[in-house]
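**Student:** Okay, handing you the structure first.
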Amino acid sequence: MPRSGQDYLESLRDGRAVWLDGELVKDVTEHPAFRNTARSVAALYDMACEPGRRDILTVRAEGADRSVLRAYHVPRTAAELVERRKAFKTWSEASFGFLGRSPDYMAAGTAGFVSAPDIFAGEGFDGRDNLAALYRRASEGSLYQAFTITNPQIDRTRAASEQEEDDLYVRVVKERDDGIVVRGAKMIGTGAVFGDEVVVGTIEPLPRQDVEYALTFSVPLDSPGLKFISRTSYEAHARSVFDNPLSSRFDENDALLVCDDVFVPWERVLTYRDVDTTFRMWWFTPAYNNFVHQAATRFWTKLEFLTGLAILLTRANNTYALPPVQMQLGRLMGWLNIAKSMVVAAETMYERVAGEGSAVHLNREIASAHRAMAGDLYPKVLAELKMLAGGGLIQLPASGHDLTHPELGPLVAKYVRSPGTPAEQRIKLLKLAWDALGSEFASRHEQYERFYHGAPHVYLPGILRDGDPDLLAAFTQSCLDGYRLEDLPGGGGTDALS
Ligand SMILES: Cc1cc2nc3c(=O)[nH]c(=O)nc-3n(C[C@H](O)[C@H](O)[C@H](O)COP(=O)(O)OP(=O)(O)OC[C@H]3O[C@@H](n4cnc5c(N)ncnc54)[C@H](O)[C@@H]3O)c2cc1C
């Protein structure tokens, strides 16, 4: 059985170096910037131990007499892909789609790595045994793995080795008999401060000259020299769960990872001084495709939540039955069903990794298309909801204390209400809506949905590359080939033009 939420929380008290507002955070499970979200993650682990949900969230490990989180399982049939999606759905519903990097995200990525382990047999370094050990350690321990595989935005026009200084991006600075020493930074460690280990690597192609930067490793959060510099905490600024129901509980955090001469034992290195393997491990295994399975399922859940929010808002405003509002709600419902059907279609049209008894993964073209769709769609969904909500989103008492105040409470109750929706209910709903649509937390989510899977200038041309442009061009050409100038009414040939 996976570890309990309590065991998970205890594992976070390991002396990890998390920095916030110039302060070294002693214990993320107690600090007001992190503690509620840590508990939300712990609740996911508890859910996996509950008799009613254990069968959805866990599965018997291959060749062993114990259960692991289903996200760690390598699916071998289409039915197993569906089972995995049910597990993703169950966890994503617990945060209404707002914990993007719950532990199942990287777990599925690691299952993707072990589905094609030979990719890790690089020219000068063979990472296959270390990968097998990582998979065993992570799946048996139900570990929460984070990852930082993007270089900081210092100068995007130059290669890593051409930046102003050598150690801006993570690189190897010393080789020892027992491992390597690394120095530099990576962005953005979502959920990293709540993790057990962090995978550090590079998902973008590296030029040959960047060989010192071409490495991947996985280290525990408390590794000496490893530092996480947190962004603003929305949880810390939340007044209460009533006032900020999402940001107070599901602020998954994003942090800059800094390796200040971190020692990495050889057994934790996955790729080393190898630009090809460092890149291929993400794209030539189903790792990234597995990320999409979790992310697309979570996105579908988030749209379910937001569509439900639109329905409740318009009912509270008594605009629900107006024909233009019904049109807007229909549009939201349509988008939600597009998100859902892309997951189901990608599972139905699954593909197989080459080899006997091999793993299956989502249809690649549909998985890629989801990235193009979701990043563009999410801002439109938010805009539609804001139009439906109107000024009520802003005309809200600062906190629930205004409602309970003996003098103010009756005034608020009188003026902040709508037919069938008394003040407390209306304020509660609109505060939830603001947290989802307009707060700093909401803006971060908009940026997340646009960028968590890379920048559009990288992934959109990738969709073209992975598709079959010649086939499409030939199809349209067949239309052009079906008629001729010679067939002009009244005679053909160039004579007809003179
Ligand atoms: C909320 C959030 C969470 C994230 N979590 C993680 C995480 O957990 N782990 C992780 O590794 N990464 C994470 N990321 C980082 C994510 O992977 C990167 O944001 C993404 O890869 C894009 O890189 P970038 O942000 O540096 O954008 P850039 O590559 O700098 O691009 C930004 C913009 O600059 C322009 N631009 C830059 N270069 C070019 C070019 N060559 N051609 C054309 N236009 C260009 C484009 O307009 C582009 O949209 C997260 C990002 C966000 C926003």
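Naming works like this for the structure tokens: A, B, ... for the chains as they're shown, residue 1 at the start of each chain, ligands 1 onward in shown order.
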Would you please extract all alpha helix (DSSP H) residues from region 327-449 of chain A, as assigned by DSSP on the backbone, and give them as a ChimeraX atom specification?

**Tutor:** /A:327-348,364-389,401-404,408-415,423-437,440-449

**Student:** From a DSSP pass on the backbone, collect the residues of region 321-443 of chain A flagged as strand (DSSP E or B) and hand them back as a list in words.

**Tutor:** Glu351, Arg352, Val360, His361, Ser418 and Thr421 of chain A

**Student:** Can you write just those residues out, C-alpha atoms, as a PDB file, in the first residue's frame?

**Tutor:**
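Final output, again-v5.pdb:
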ATOM      1  CA  GLU A 351      -0.006   3.562 -29.849  1.00  0.00           C
ATOM      2  CA  ARG A 352       2.485   0.940 -28.801  1.00  0.00           C
ATOM      3  CA  VAL A 360       1.081   1.602 -24.748  1.00  0.00           C
ATOM      4  CA  HIS A 361       0.672   5.348 -24.721  1.00  0.00           C
ATOM      5  CA  SER A 418     -30.133  37.862  -5.171  1.00  0.00           C
ATOM      6  CA  THR A 421     -29.438  33.332  -2.862  1.00  0.00           C
TER       7      THR A 421
END

**Student:** Between chain A and ligand 1, at 10 Å or less, what are the per-residue closest atom pairs and their distances in Å? Count only C-alpha atoms and all ligand atoms, order by chain and rising residue number, and return it as a tab-separated table.

**Tutor:**
residue	atom	partner	partner_atom_place_in_ligand_line	distance
A:Gly100	CA	ligand 1	3 (C)	8.8
A:Arg101	CA	ligand 1	8 (O)	7.3
A:Tyr105	CA	ligand 1	8 (O)	10.0
A:Met106	CA	ligand 1	8 (O)	9.5
A:Ala146	CA	ligand 1	8 (O)	6.6
A:Phe147	CA	ligand 1	9 (N)	5.1
A:Thr148	CA	ligand 1	11 (O)	3.5
A:Ile149	CA	ligand 1	11 (O)	3.7
A:Thr150	CA	ligand 1	11 (O)	4.5
A:Asn151	CA	ligand 1	26 (O)	6.9
A:Pro152	CA	ligand 1	26 (O)	6.3
A:Gln153	CA	ligand 1	26 (O)	4.9
A:Ile154	CA	ligand 1	30 (O)	8.3
A:Asp155	CA	ligand 1	30 (O)	8.3
A:Arg156	CA	ligand 1	38 (N)	5.6
A:Thr157	CA	ligand 1	41 (N)	6.8
A:Arg158	CA	ligand 1	41 (N)	9.7
A:Lys186	CA	ligand 1	11 (O)	7.3
A:Met187	CA	ligand 1	12 (N)	5.5
A:Ile188	CA	ligand 1	13 (C)	4.2
A:Gly189	CA	ligand 1	8 (O)	4.2
A:Thr190	CA	ligand 1	8 (O)	3.8
A:Gly191	CA	ligand 1	8 (O)	6.9
A:Ala192	CA	ligand 1	8 (O)	7.4
A:Val198	CA	ligand 1	9 (N)	9.7
A:Val199	CA	ligand 1	11 (O)	9.0
A:Val200	CA	ligand 1	11 (O)	8.0
A:Gly201	CA	ligand 1	11 (O)	8.1
A:Thr202	CA	ligand 1	11 (O)	7.8
A:Ile203	CA	ligand 1	11 (O)	7.9
A:Glu204	CA	ligand 1	21 (O)	8.4
A:Glu252	CA	ligand 1	3 (C)	9.5
A:Asn253	CA	ligand 1	3 (C)	8.6
A:Asp254	CA	ligand 1	3 (C)	6.3
A:Ala255	CA	ligand 1	8 (O)	8.5
A:Leu256	CA	ligand 1	9 (N)	9.5
A:Leu257	CA	ligand 1	9 (N)	9.8
A:Ser443	CA	ligand 1	1 (C)	9.3
A:Arg444	CA	ligand 1	1 (C)	5.8
A:His445	CA	ligand 1	1 (C)	6.5
A:Glu446	CA	ligand 1	1 (C)	8.1
A:Gln447	CA	ligand 1	53 (C)	4.9
A:Tyr448	CA	ligand 1	1 (C)	3.7
A:Glu449	CA	ligand 1	1 (C)	7.4
A:Arg450	CA	ligand 1	53 (C)	7.0
A:Phe451	CA	ligand 1	53 (C)	4.8
A:Tyr452	CA	ligand 1	50 (C)	4.3
A:His453	CA	ligand 1	17 (O)	5.6
A:Gly454	CA	ligand 1	21 (O)	3.4
A:Ala455	CA	ligand 1	22 (C)	4.0
A:Pro456	CA	ligand 1	49 (O)	5.8
A:His457	CA	ligand 1	43 (C)	5.1
A:Val458	CA	ligand 1	42 (N)	7.6
A:Tyr459	CA	ligand 1	21 (O)	9.4

**Student:** Restricting the calculation to only C-alpha atoms: of A:Asn290, A:Thr37, A:Ser233, A:Ser240, which residue gets closest to Tyr72 (chain A)?

**Tutor:**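 Checking each candidate against Tyr72 (chain A), we get A:Asn290 as the closest.
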
**Student:** Give me the residues near Gly409 (chain A) as a PyMOL selection string, where near means some atom within 10 Å (using only C-alpha atoms) and where sequence neighbours in that chain fewer than 6 positions away do not count.

**Tutor:** chain A and resi 400-403+423-424

**Student:** Would you put the residues from that selection into a file with all heavy atoms, as a compact mmCIF listing (two decimals), in the first residue's frame?

**Tutor:**
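Dumped everything to again32.txt:
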# COMPACT_ATOMS: atom_id res chain seq x y z
N GLY A 400 -15.15 37.43 5.35
CA GLY A 400 -16.33 36.89 6.00
C GLY A 400 -16.67 37.61 7.30
O GLY A 400 -17.81 37.54 7.78
N HIS A 401 -15.67 38.33 7.87
CA HIS A 401 -15.93 39.04 9.13
C HIS A 401 -16.99 40.12 8.96
O HIS A 401 -17.69 40.46 9.92
CB HIS A 401 -14.63 39.66 9.67
CG HIS A 401 -13.64 38.62 10.10
ND1 HIS A 401 -13.91 37.70 11.08
CD2 HIS A 401 -12.39 38.35 9.67
CE1 HIS A 401 -12.86 36.89 11.23
NE2 HIS A 401 -11.94 37.28 10.38
N ASP A 402 -17.11 40.69 7.76
CA ASP A 402 -18.15 41.70 7.53
C ASP A 402 -19.54 41.09 7.68
O ASP A 402 -20.49 41.75 8.11
CB ASP A 402 -18.02 42.31 6.12
CG ASP A 402 -16.77 43.17 6.00
OD1 ASP A 402 -16.16 43.49 7.03
OD2 ASP A 402 -16.40 43.51 4.86
N LEU A 403 -19.64 39.83 7.33
CA LEU A 403 -20.93 39.14 7.42
C LEU A 403 -21.31 38.85 8.87
O LEU A 403 -22.49 38.87 9.24
CB LEU A 403 -20.85 37.80 6.69
CG LEU A 403 -21.30 37.72 5.25
CD1 LEU A 403 -20.96 36.35 4.69
CD2 LEU A 403 -22.80 37.96 5.12
N ALA A 423 -27.14 36.36 1.31
CA ALA A 423 -25.81 36.99 1.25
C ALA A 423 -24.67 35.99 1.47
O ALA A 423 -23.71 35.96 0.70
CB ALA A 423 -25.74 38.11 2.28
N GLU A 424 -24.76 35.18 2.50
CA GLU A 424 -23.63 34.29 2.81
C GLU A 424 -23.33 33.37 1.63
O GLU A 424 -22.16 33.19 1.23
CB GLU A 424 -23.93 33.47 4.08
CG GLU A 424 -22.77 32.57 4.45
CD GLU A 424 -23.05 31.73 5.70
OE1 GLU A 424 -23.85 32.17 6.56
OE2 GLU A 424 -22.47 30.65 5.79

**Student:** Grab the CA of Arg137 (chain A) to CA of His293 (chain A) distance for me, in Å with one decimal place.

**Tutor:**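 Those two atoms sit 22.7 Å apart.
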
**Student:** At a cut-off of 6 Å, using only C-alpha atoms, what residues contact Asp260 (chain A)? Leave out same-chain residues fewer than 2 positions from it and give the result as a ChimeraX atom specification.

**Tutor:** /A:183,225,262

**Student:** Can I get the selected residues back with N, CA, C and O atoms, as an mmCIF file, in the first residue's frame?

**Tutor:**
data_model
loop_
_atom_site.group_PDB
_atom_site.id
_atom_site.type_symbol
_atom_site.label_atom_id
_atom_site.label_comp_id
_atom_site.auth_asym_id
_atom_site.auth_seq_id
_atom_site.Cartn_x
_atom_site.Cartn_y
_atom_site.Cartn_z
ATOM 1 N N ARG A 183 26.627 22.703 -10.605
ATOM 2 C CA ARG A 183 26.422 24.098 -10.198
ATOM 3 C C ARG A 183 25.544 24.769 -11.258
ATOM 4 O O ARG A 183 25.654 24.444 -12.446
ATOM 5 N N GLY A 225 23.533 21.899 -0.487
ATOM 6 C CA GLY A 225 23.799 22.830 -1.591
ATOM 7 C C GLY A 225 22.599 23.080 -2.490
ATOM 8 O O GLY A 225 22.606 23.996 -3.305
ATOM 9 N N VAL A 262 26.294 21.033 -5.726
ATOM 10 C CA VAL A 262 25.593 19.857 -5.190
ATOM 11 C C VAL A 262 26.314 18.592 -5.650
ATOM 12 O O VAL A 262 26.614 18.445 -6.839
#

**Student:** Any idea what's packed within 12 Å of Gln395 (chain A), counting only C-alpha atoms, ignoring anything in its chain fewer than 3 positions away? Could you give it as a PyMOL selection string?

**Tutor:** chain A and resi 389-392+398-399+412+415-417+426-427+430-431+434

**Student:** Produce a file of the selected residues containing C-alpha atoms, as an mmCIF file, in the first residue's frame.

**Tutor:**
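part27.cif, written as the output of this step:
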data_model
loop_
_atom_site.group_PDB
_atom_site.id
_atom_site.type_symbol
_atom_site.label_atom_id
_atom_site.label_comp_id
_atom_site.auth_asym_id
_atom_site.auth_seq_id
_atom_site.Cartn_x
_atom_site.Cartn_y
_atom_site.Cartn_z
ATOM 1 C CA ALA A 389 -20.149 37.124 -13.550
ATOM 2 C CA GLY A 390 -20.218 40.914 -14.000
ATOM 3 C CA GLY A 391 -19.430 43.392 -11.209
ATOM 4 C CA GLY A 392 -20.490 41.052 -8.424
ATOM 5 C CA ALA A 398 -13.277 42.179 2.178
ATOM 6 C CA SER A 399 -13.780 39.121 4.340
ATOM 7 C CA VAL A 412 -24.390 43.143 3.842
ATOM 8 C CA TYR A 415 -27.672 44.521 -0.176
ATOM 9 C CA VAL A 416 -25.450 41.652 -1.294
ATOM 10 C CA ARG A 417 -27.941 39.020 -2.343
ATOM 11 C CA ARG A 426 -23.696 34.593 -2.707
ATOM 12 C CA ILE A 427 -20.513 35.928 -1.134
ATOM 13 C CA LEU A 430 -18.357 34.913 -5.694
ATOM 14 C CA LYS A 431 -15.247 34.617 -3.553
ATOM 15 C CA TRP A 434 -12.702 35.467 -7.874
#

**Student:** As a ChimeraX atom specification, please: the residues near Gln6 (chain A) (cut-off 10 Å, only C-alpha atoms, same-chain neighbours under 5 positions excluded).

**Tutor:** /A:11,39,42-43,45-46

**Student:** With only C-alpha atoms as the counted atoms, please give the residues lying no more than 10 Å from Asn244 (chain A), apart from itself and same-chain residues fewer than 2 positions off, as a ChimeraX atom specification.

**Tutor:** /A:234-235,237-242,246-249,399,428,431-436,439,441

**Student:** Once you have the residues from the selection above, write them out as an mmCIF file, in the first residue's frame, restricted to N, CA, C and O atoms.

**Tutor:**
data_model
loop_
_atom_site.group_PDB
_atom_site.id
_atom_site.type_symbol
_atom_site.label_atom_id
_atom_site.label_comp_id
_atom_site.auth_asym_id
_atom_site.auth_seq_id
_atom_site.Cartn_x
_atom_site.Cartn_y
_atom_site.Cartn_z
ATOM 1 N N TYR A 234 0.696 32.483 -2.484
ATOM 2 C CA TYR A 234 -0.712 32.927 -2.462
ATOM 3 C C TYR A 234 -1.401 32.387 -1.204
ATOM 4 O O TYR A 234 -2.298 33.008 -0.668
ATOM 5 N N GLU A 235 -0.928 31.218 -0.784
ATOM 6 C CA GLU A 235 -1.495 30.644 0.447
ATOM 7 C C GLU A 235 -1.235 31.576 1.633
ATOM 8 O O GLU A 235 -2.113 31.800 2.475
ATOM 9 N N HIS A 237 -0.985 34.725 1.638
ATOM 10 C CA HIS A 237 -1.796 35.938 1.561
ATOM 11 C C HIS A 237 -3.286 35.658 1.630
ATOM 12 O O HIS A 237 -4.096 36.588 1.608
ATOM 13 N N ALA A 238 -3.660 34.408 1.699
ATOM 14 C CA ALA A 238 -5.086 34.064 1.790
ATOM 15 C C ALA A 238 -5.592 34.425 3.197
ATOM 16 O O ALA A 238 -4.902 34.169 4.185
ATOM 17 N N ARG A 239 -6.801 35.019 3.279
ATOM 18 C CA ARG A 239 -7.329 35.405 4.595
ATOM 19 C C ARG A 239 -7.881 34.196 5.336
ATOM 20 O O ARG A 239 -7.740 34.066 6.546
ATOM 21 N N SER A 240 -8.587 33.355 4.602
ATOM 22 C CA SER A 240 -9.192 32.160 5.208
ATOM 23 C C SER A 240 -9.662 31.270 4.063
ATOM 24 O O SER A 240 -9.668 31.709 2.901
ATOM 25 N N VAL A 241 -10.101 30.078 4.376
ATOM 26 C CA VAL A 241 -10.635 29.211 3.317
ATOM 27 C C VAL A 241 -11.924 29.830 2.766
ATOM 28 O O VAL A 241 -12.172 29.814 1.555
ATOM 29 N N PHE A 242 -12.739 30.460 3.618
ATOM 30 C CA PHE A 242 -13.978 31.087 3.149
ATOM 31 C C PHE A 242 -13.662 32.201 2.144
ATOM 32 O O PHE A 242 -14.335 32.349 1.130
ATOM 33 N N LEU A 246 -9.545 28.500 -2.953
ATOM 34 C CA LEU A 246 -8.599 27.710 -3.758
ATOM 35 C C LEU A 246 -7.157 28.022 -3.378
ATOM 36 O O LEU A 246 -6.367 27.132 -3.085
ATOM 37 N N SER A 247 -6.819 29.327 -3.366
ATOM 38 C CA SER A 247 -5.413 29.680 -3.127
ATOM 39 C C SER A 247 -4.972 29.342 -1.708
ATOM 40 O O SER A 247 -3.784 29.150 -1.458
ATOM 41 N N SER A 248 -5.929 29.239 -0.780
ATOM 42 C CA SER A 248 -5.543 28.899 0.592
ATOM 43 C C SER A 248 -5.170 27.424 0.726
ATOM 44 O O SER A 248 -4.514 27.037 1.679
ATOM 45 N N ARG A 249 -5.589 26.595 -0.253
ATOM 46 C CA ARG A 249 -5.391 25.146 -0.079
ATOM 47 C C ARG A 249 -4.624 24.464 -1.216
ATOM 48 O O ARG A 249 -4.085 23.378 -1.035
ATOM 49 N N SER A 399 -13.920 40.456 3.765
ATOM 50 C CA SER A 399 -13.780 39.121 4.340
ATOM 51 C C SER A 399 -15.094 38.693 4.969
ATOM 52 O O SER A 399 -16.029 39.499 5.120
ATOM 53 N N LYS A 428 -19.989 33.632 -0.653
ATOM 54 C CA LYS A 428 -19.154 32.422 -0.696
ATOM 55 C C LYS A 428 -18.871 32.025 -2.154
ATOM 56 O O LYS A 428 -17.724 31.753 -2.536
ATOM 57 N N LYS A 431 -16.651 34.662 -4.001
ATOM 58 C CA LYS A 431 -15.247 34.617 -3.553
ATOM 59 C C LYS A 431 -14.536 33.408 -4.190
ATOM 60 O O LYS A 431 -13.373 33.502 -4.575
ATOM 61 N N LEU A 432 -15.242 32.326 -4.318
ATOM 62 C CA LEU A 432 -14.669 31.168 -5.022
ATOM 63 C C LEU A 432 -14.390 31.555 -6.482
ATOM 64 O O LEU A 432 -13.326 31.252 -7.031
ATOM 65 N N ALA A 433 -15.364 32.260 -7.074
ATOM 66 C CA ALA A 433 -15.199 32.649 -8.482
ATOM 67 C C ALA A 433 -13.999 33.574 -8.654
ATOM 68 O O ALA A 433 -13.199 33.416 -9.577
ATOM 69 N N TRP A 434 -13.833 34.535 -7.748
ATOM 70 C CA TRP A 434 -12.702 35.467 -7.874
ATOM 71 C C TRP A 434 -11.371 34.731 -7.745
ATOM 72 O O TRP A 434 -10.420 34.994 -8.483
ATOM 73 N N ASP A 435 -11.328 33.791 -6.812
ATOM 74 C CA ASP A 435 -10.090 33.023 -6.631
ATOM 75 C C ASP A 435 -9.746 32.247 -7.909
ATOM 76 O O ASP A 435 -8.576 32.121 -8.274
ATOM 77 N N ALA A 436 -10.782 31.749 -8.601
ATOM 78 C CA ALA A 436 -10.545 30.942 -9.804
ATOM 79 C C ALA A 436 -10.286 31.803 -11.037
ATOM 80 O O ALA A 436 -9.600 31.379 -11.964
ATOM 81 N N SER A 439 -7.955 36.368 -9.190
ATOM 82 C CA SER A 439 -6.916 36.576 -8.161
ATOM 83 C C SER A 439 -5.521 36.372 -8.763
ATOM 84 O O SER A 439 -5.378 35.934 -9.906
ATOM 85 N N PHE A 441 -3.576 34.098 -7.835
ATOM 86 C CA PHE A 441 -3.564 32.638 -8.004
ATOM 87 C C PHE A 441 -4.151 32.272 -9.381
ATOM 88 O O PHE A 441 -3.621 31.438 -10.115
#

**Student:** What does the distance from CA of Pro117 (chain A) to CA of Thr285 (chain A) come to in Å, to one decimal?

**Tutor:**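 CA of Thr285 (chain A) lies at a distance of 8.0 Å from CA of Pro117 (chain A).
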
**Student:** Enter the distance from CA of Met387 (chain A) to CA of Leu322 (chain A), in Å, rounded to one decimal.

**Tutor:** 13.9 Å
